[in-house]
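For reference, data29.csv (CSV, C-alpha atoms):
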chain,number,residue,atom,x,y,z
A,1,PHE,CA,-18.5,-1.4,19.4
A,2,VAL,CA,-20.4,-4.1,17.6
A,3,LEU,CA,-19.3,-6.8,20.0
A,4,ALA,CA,-20.3,-4.6,23.0
A,5,ALA,CA,-23.7,-3.9,21.4
A,6,ARG,CA,-24.2,-7.6,20.7
A,7,THR,CA,-23.4,-8.3,24.3
A,8,LEU,CA,-26.0,-5.8,25.5
A,9,GLY,CA,-28.6,-7.6,23.3
A,10,THR,CA,-28.9,-5.0,20.5
A,11,SER,CA,-30.5,-6.3,17.3
A,12,GLY,CA,-28.5,-6.6,14.0
A,13,THR,CA,-30.6,-4.0,12.3
A,14,ARG,CA,-30.0,-1.4,15.0
A,15,ILE,CA,-26.2,-2.2,15.0
A,16,VAL,CA,-26.1,-1.5,11.2
A,17,PHE,CA,-28.0,1.7,11.4
A,18,LYS,CA,-26.6,3.1,14.6
A,19,HIS,CA,-22.9,2.0,14.4
A,20,MET,CA,-21.9,0.7,11.0
A,21,ILE,CA,-23.4,3.2,8.6
A,22,PRO,CA,-22.5,6.4,10.6
A,23,ASN,CA,-18.9,5.2,10.9
A,24,THR,CA,-18.5,4.2,7.2
A,25,ILE,CA,-20.4,6.9,5.3
A,26,GLY,CA,-17.7,9.4,5.9
A,27,ILE,CA,-15.0,7.1,4.5
A,28,VAL,CA,-17.1,6.4,1.4
A,29,VAL,CA,-17.8,10.1,0.8
A,30,ILE,CA,-14.2,11.1,1.4
A,31,ASN,CA,-12.8,8.4,-0.9
A,32,THR,CA,-15.3,9.5,-3.6
A,33,MET,CA,-14.2,13.2,-3.2
A,34,PHE,CA,-10.5,12.2,-3.6
A,35,THR,CA,-11.2,9.9,-6.6
A,36,ILE,CA,-13.0,12.6,-8.7
A,37,PRO,CA,-9.8,14.7,-9.3
A,38,THR,CA,-8.0,11.6,-10.3
A,39,ALA,CA,-10.7,10.7,-12.8
A,40,ILE,CA,-10.8,14.2,-14.2
A,41,PHE,CA,-7.0,14.2,-14.7
A,42,THR,CA,-7.0,10.7,-16.2
A,43,GLU,CA,-9.6,11.7,-18.7
A,44,ALA,CA,-7.8,14.9,-19.6
A,45,PHE,CA,-4.5,13.1,-20.0
A,46,LEU,CA,-6.0,10.4,-22.2
A,47,SER,CA,-7.7,13.0,-24.4
A,48,PHE,CA,-4.4,15.0,-24.5
A,49,ILE,CA,-2.4,12.0,-25.9
A,50,GLY,CA,-5.2,11.1,-28.3
A,51,LEU,CA,-6.6,8.0,-26.6
A,52,GLY,CA,-9.7,9.7,-25.1
A,53,LEU,CA,-12.2,12.0,-26.7
A,54,GLN,CA,-11.3,13.3,-30.2
A,55,ALA,CA,-11.2,16.9,-31.5
A,56,PRO,CA,-14.9,17.7,-32.3
A,57,LYS,CA,-15.9,16.9,-28.8
A,58,ALA,CA,-15.1,19.2,-25.9
A,59,SER,CA,-12.8,18.0,-23.2
A,60,LEU,CA,-10.1,19.6,-21.1
A,61,GLY,CA,-7.5,17.3,-22.6
A,62,VAL,CA,-8.7,18.2,-26.2
A,63,LEU,CA,-8.6,21.9,-25.3
A,64,ILE,CA,-5.1,21.6,-23.8
A,65,GLN,CA,-3.9,19.7,-26.8
A,66,ASP,CA,-5.3,22.4,-29.2
A,67,GLY,CA,-3.7,25.1,-27.1
A,68,PHE,CA,-0.4,23.1,-26.9
A,69,GLN,CA,-0.3,23.0,-30.7
A,70,MET,CA,-0.7,26.8,-31.0
A,71,ILE,CA,1.4,27.7,-28.0
A,72,ASN,CA,3.8,29.9,-30.0
A,73,SER,CA,1.1,32.2,-31.4
A,74,HIS,CA,-1.9,31.9,-29.1
A,75,TYR,CA,-0.7,31.0,-25.6
A,76,TYR,CA,-4.0,31.9,-24.0
A,77,LEU,CA,-5.6,28.9,-25.7
A,78,LEU,CA,-3.5,26.7,-23.5
A,79,MET,CA,-3.8,28.8,-20.3
A,80,MET,CA,-7.5,28.8,-19.8
A,81,PRO,CA,-8.1,24.9,-19.9
A,82,VAL,CA,-5.0,24.5,-17.6
A,83,VAL,CA,-6.4,27.0,-15.1
A,84,VAL,CA,-9.8,25.2,-15.2
A,85,ILE,CA,-8.3,21.8,-14.6
A,86,VAL,CA,-6.1,23.1,-11.8
A,87,ALA,CA,-9.0,24.9,-10.2
A,88,LEU,CA,-11.2,21.7,-10.4
A,89,MET,CA,-8.5,19.5,-8.8
A,90,VAL,CA,-7.7,22.0,-6.0
A,91,THR,CA,-11.4,22.6,-5.3
A,92,PHE,CA,-12.2,18.9,-5.0
A,93,ASN,CA,-9.1,18.3,-2.8
A,94,ILE,CA,-10.0,21.1,-0.5
A,95,LEU,CA,-13.6,19.9,-0.4
A,96,GLY,CA,-12.5,16.4,0.4
A,97,ASP,CA,-10.2,17.7,3.2
A,98,GLY,CA,-13.1,19.7,4.7
A,99,LEU,CA,-15.5,16.7,4.4
A,100,ARG,CA,-12.9,14.5,6.0
A,101,ASP,CA,-12.7,16.8,9.0
A,102,ALA,CA,-16.5,17.2,9.2
A,103,LEU,CA,-17.3,13.5,8.9
A,104,ASP,CA,-14.6,12.0,11.0
A,105,PRO,CA,-16.4,10.1,13.8
A,106,ARG,CA,-13.4,10.5,16.1
A,107,MET,CA,-13.7,14.3,16.0
A,108,ARG,CA,-17.4,14.3,16.9
A,109,LYS,CA,-18.2,15.5,20.3
For the file at hand, write its structure as structure tokens.
Amino acid sequence: FVLAARTLGTSGTRIVFKHMIPNTIGIVVINTMFTIPTAIFTEAFLSFIGLGLQAPKASLGVLIQDGFQMINSHYYLLMMPVVVIVALMVTFNILGDGLRDALDPRMRK
């Protein structure tokens, strides 16, 4: 597309704004949406094993660690943060899938 536009005499600025940005913005947004669940899970995992945030600060990993320590007597302390982290990860993945379908330049018509 860029070579064809150059051949027709289109300026570099117009090529960037009409061809390059519309075809790359979807990829950037989709990669960001699929990276967010990974970052959330990594932070929660590091907090769970003690390398991230520590106990007075609130984090999903800290809450899961507290619930894990009391799993025999208070199982619900573990279930709520786990449900939240699963809901966050599934939501961002579904949103990323939807954005991938919506922003795919090959599917535009």
If we count all atoms listed in the file, what is near stretch 78-95 of chain A at a cut-off of 12 Å, once residues fewer than 5 positions away on the same chain are taken out, given as a short mmCIF file (atom, residue, chain, number, x, y, z; two decimals) with C-alpha atoms, in the coordinates of the input?
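Just written: result-v1.cif:
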data_model
loop_
_atom_site.label_atom_id
_atom_site.label_comp_id
_atom_site.auth_asym_id
_atom_site.auth_seq_id
_atom_site.Cartn_x
_atom_site.Cartn_y
_atom_site.Cartn_z
CA VAL A 29 -17.80 10.10 0.80
CA ILE A 30 -14.20 11.10 1.40
CA ASN A 31 -12.80 8.40 -0.90
CA THR A 32 -15.30 9.50 -3.60
CA MET A 33 -14.20 13.20 -3.20
CA PHE A 34 -10.50 12.20 -3.60
CA THR A 35 -11.20 9.90 -6.60
CA ILE A 36 -13.00 12.60 -8.70
CA PRO A 37 -9.80 14.70 -9.30
CA THR A 38 -8.00 11.60 -10.30
CA ALA A 39 -10.70 10.70 -12.80
CA ILE A 40 -10.80 14.20 -14.20
CA PHE A 41 -7.00 14.20 -14.70
CA THR A 42 -7.00 10.70 -16.20
CA GLU A 43 -9.60 11.70 -18.70
CA ALA A 44 -7.80 14.90 -19.60
CA PHE A 45 -4.50 13.10 -20.00
CA PHE A 48 -4.40 15.00 -24.50
CA ALA A 58 -15.10 19.20 -25.90
CA SER A 59 -12.80 18.00 -23.20
CA LEU A 60 -10.10 19.60 -21.10
CA GLY A 61 -7.50 17.30 -22.60
CA VAL A 62 -8.70 18.20 -26.20
CA LEU A 63 -8.60 21.90 -25.30
CA ILE A 64 -5.10 21.60 -23.80
CA GLN A 65 -3.90 19.70 -26.80
CA ASP A 66 -5.30 22.40 -29.20
CA GLY A 67 -3.70 25.10 -27.10
CA PHE A 68 -0.40 23.10 -26.90
CA GLN A 69 -0.30 23.00 -30.70
CA MET A 70 -0.70 26.80 -31.00
CA ILE A 71 1.40 27.70 -28.00
CA ASN A 72 3.80 29.90 -30.00
CA SER A 73 1.10 32.20 -31.40
CA ARG A 100 -12.90 14.50 6.00
CA ASP A 101 -12.70 16.80 9.00
CA ALA A 102 -16.50 17.20 9.20
CA LEU A 103 -17.30 13.50 8.90
#
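Here atom CA of A:Ile27 and atom CA of A:Gly12 stand 21.5 Å from one another.
Interatomic distance, atom CA of A:Thr7 against atom CA of A:Ile21: 19.5 Å.
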Please reconstruct the missing atoms of stretch 38-49 of chain A (target: all heavy atoms) and return them as a PDB file, in the coordinates of the input.
ATOM      1  N   THR A  38      -8.786  12.554  -9.611  1.00  0.00           N
ATOM      2  CA  THR A  38      -8.000  11.600 -10.300  1.00  0.00           C
ATOM      3  C   THR A  38      -8.684  11.189 -11.638  1.00  0.00           C
ATOM      4  O   THR A  38      -8.031  11.060 -12.684  1.00  0.00           O
ATOM      5  CB  THR A  38      -7.783  10.310  -9.461  1.00  0.00           C
ATOM      6  OG1 THR A  38      -7.208  10.710  -8.232  1.00  0.00           O
ATOM      7  CG2 THR A  38      -6.893   9.304 -10.151  1.00  0.00           C
ATOM      8  N   ALA A  39      -9.999  11.014 -11.595  1.00  0.00           N
ATOM      9  CA  ALA A  39     -10.700  10.700 -12.800  1.00  0.00           C
ATOM     10  C   ALA A  39     -10.708  11.825 -13.817  1.00  0.00           C
ATOM     11  O   ALA A  39     -10.551  11.593 -15.028  1.00  0.00           O
ATOM     12  CB  ALA A  39     -12.193  10.338 -12.447  1.00  0.00           C
ATOM     13  N   ILE A  40     -10.837  13.058 -13.348  1.00  0.00           N
ATOM     14  CA  ILE A  40     -10.800  14.200 -14.200  1.00  0.00           C
ATOM     15  C   ILE A  40      -9.407  14.307 -14.901  1.00  0.00           C
ATOM     16  O   ILE A  40      -9.297  14.511 -16.118  1.00  0.00           O
ATOM     17  CB  ILE A  40     -11.109  15.516 -13.473  1.00  0.00           C
ATOM     18  CG1 ILE A  40     -12.575  15.532 -13.050  1.00  0.00           C
ATOM     19  CG2 ILE A  40     -10.790  16.749 -14.319  1.00  0.00           C
ATOM     20  CD1 ILE A  40     -12.924  16.660 -12.109  1.00  0.00           C
ATOM     21  N   PHE A  41      -8.354  14.148 -14.116  1.00  0.00           N
ATOM     22  CA  PHE A  41      -7.000  14.200 -14.700  1.00  0.00           C
ATOM     23  C   PHE A  41      -6.724  13.094 -15.634  1.00  0.00           C
ATOM     24  O   PHE A  41      -6.106  13.304 -16.681  1.00  0.00           O
ATOM     25  CB  PHE A  41      -5.968  14.232 -13.535  1.00  0.00           C
ATOM     26  CG  PHE A  41      -4.571  14.392 -14.036  1.00  0.00           C
ATOM     27  CD1 PHE A  41      -4.124  15.620 -14.477  1.00  0.00           C
ATOM     28  CD2 PHE A  41      -3.717  13.310 -14.095  1.00  0.00           C
ATOM     29  CE1 PHE A  41      -2.842  15.778 -14.963  1.00  0.00           C
ATOM     30  CE2 PHE A  41      -2.424  13.449 -14.569  1.00  0.00           C
ATOM     31  CZ  PHE A  41      -1.990  14.689 -15.007  1.00  0.00           C
ATOM     32  N   THR A  42      -7.183  11.890 -15.316  1.00  0.00           N
ATOM     33  CA  THR A  42      -7.000  10.700 -16.200  1.00  0.00           C
ATOM     34  C   THR A  42      -7.681  10.953 -17.534  1.00  0.00           C
ATOM     35  O   THR A  42      -7.105  10.683 -18.602  1.00  0.00           O
ATOM     36  CB  THR A  42      -7.468   9.452 -15.537  1.00  0.00           C
ATOM     37  OG1 THR A  42      -6.780   9.278 -14.302  1.00  0.00           O
ATOM     38  CG2 THR A  42      -7.230   8.247 -16.426  1.00  0.00           C
ATOM     39  N   GLU A  43      -8.915  11.434 -17.494  1.00  0.00           N
ATOM     40  CA  GLU A  43      -9.600  11.700 -18.700  1.00  0.00           C
ATOM     41  C   GLU A  43      -8.957  12.774 -19.552  1.00  0.00           C
ATOM     42  O   GLU A  43      -8.820  12.650 -20.777  1.00  0.00           O
ATOM     43  CB  GLU A  43     -11.088  12.097 -18.420  1.00  0.00           C
ATOM     44  CG  GLU A  43     -11.971  12.263 -19.638  1.00  0.00           C
ATOM     45  CD  GLU A  43     -11.854  13.625 -20.282  1.00  0.00           C
ATOM     46  OE1 GLU A  43     -11.617  14.604 -19.566  1.00  0.00           O
ATOM     47  OE2 GLU A  43     -12.007  13.697 -21.530  1.00  0.00           O
ATOM     48  N   ALA A  44      -8.507  13.832 -18.904  1.00  0.00           N
ATOM     49  CA  ALA A  44      -7.800  14.900 -19.600  1.00  0.00           C
ATOM     50  C   ALA A  44      -6.508  14.424 -20.212  1.00  0.00           C
ATOM     51  O   ALA A  44      -6.163  14.763 -21.352  1.00  0.00           O
ATOM     52  CB  ALA A  44      -7.588  16.097 -18.689  1.00  0.00           C
ATOM     53  N   PHE A  45      -5.764  13.617 -19.468  1.00  0.00           N
ATOM     54  CA  PHE A  45      -4.500  13.100 -20.000  1.00  0.00           C
ATOM     55  C   PHE A  45      -4.711  12.175 -21.165  1.00  0.00           C
ATOM     56  O   PHE A  45      -4.009  12.283 -22.180  1.00  0.00           O
ATOM     57  CB  PHE A  45      -3.752  12.352 -18.854  1.00  0.00           C
ATOM     58  CG  PHE A  45      -2.503  11.676 -19.323  1.00  0.00           C
ATOM     59  CD1 PHE A  45      -1.390  12.428 -19.650  1.00  0.00           C
ATOM     60  CD2 PHE A  45      -2.447  10.300 -19.456  1.00  0.00           C
ATOM     61  CE1 PHE A  45      -0.227  11.815 -20.096  1.00  0.00           C
ATOM     62  CE2 PHE A  45      -1.298   9.683 -19.895  1.00  0.00           C
ATOM     63  CZ  PHE A  45      -0.180  10.438 -20.224  1.00  0.00           C
ATOM     64  N   LEU A  46      -5.696  11.273 -21.062  1.00  0.00           N
ATOM     65  CA  LEU A  46      -6.000  10.400 -22.200  1.00  0.00           C
ATOM     66  C   LEU A  46      -6.442  11.135 -23.412  1.00  0.00           C
ATOM     67  O   LEU A  46      -6.072  10.795 -24.545  1.00  0.00           O
ATOM     68  CB  LEU A  46      -6.980   9.310 -21.782  1.00  0.00           C
ATOM     69  CG  LEU A  46      -6.475   8.260 -20.790  1.00  0.00           C
ATOM     70  CD1 LEU A  46      -7.619   7.355 -20.357  1.00  0.00           C
ATOM     71  CD2 LEU A  46      -5.341   7.453 -21.397  1.00  0.00           C
ATOM     72  N   SER A  47      -7.232  12.167 -23.229  1.00  0.00           N
ATOM     73  CA  SER A  47      -7.700  13.000 -24.400  1.00  0.00           C
ATOM     74  C   SER A  47      -6.500  13.777 -24.936  1.00  0.00           C
ATOM     75  O   SER A  47      -6.420  13.988 -26.146  1.00  0.00           O
ATOM     76  CB  SER A  47      -8.771  13.949 -23.937  1.00  0.00           C
ATOM     77  OG  SER A  47      -9.918  13.232 -23.572  1.00  0.00           O
ATOM     78  N   PHE A  48      -5.583  14.217 -24.081  1.00  0.00           N
ATOM     79  CA  PHE A  48      -4.400  15.000 -24.500  1.00  0.00           C
ATOM     80  C   PHE A  48      -3.525  14.131 -25.432  1.00  0.00           C
ATOM     81  O   PHE A  48      -3.030  14.592 -26.457  1.00  0.00           O
ATOM     82  CB  PHE A  48      -3.634  15.518 -23.356  1.00  0.00           C
ATOM     83  CG  PHE A  48      -2.395  16.264 -23.745  1.00  0.00           C
ATOM     84  CD1 PHE A  48      -2.478  17.545 -24.260  1.00  0.00           C
ATOM     85  CD2 PHE A  48      -1.148  15.681 -23.603  1.00  0.00           C
ATOM     86  CE1 PHE A  48      -1.336  18.241 -24.623  1.00  0.00           C
ATOM     87  CE2 PHE A  48      -0.001  16.359 -23.963  1.00  0.00           C
ATOM     88  CZ  PHE A  48      -0.094  17.647 -24.476  1.00  0.00           C
ATOM     89  N   ILE A  49      -3.299  12.873 -25.058  1.00  0.00           N
ATOM     90  CA  ILE A  49      -2.400  12.000 -25.900  1.00  0.00           C
ATOM     91  C   ILE A  49      -3.145  11.349 -27.017  1.00  0.00           C
ATOM     92  O   ILE A  49      -2.522  10.637 -27.797  1.00  0.00           O
ATOM     93  CB  ILE A  49      -1.683  10.974 -24.999  1.00  0.00           C
ATOM     94  CG1 ILE A  49      -2.663  10.014 -24.340  1.00  0.00           C
ATOM     95  CG2 ILE A  49      -0.786  11.645 -23.986  1.00  0.00           C
ATOM     96  CD1 ILE A  49      -1.994   8.860 -23.617  1.00  0.00           C
TER      97      ILE A  49
END
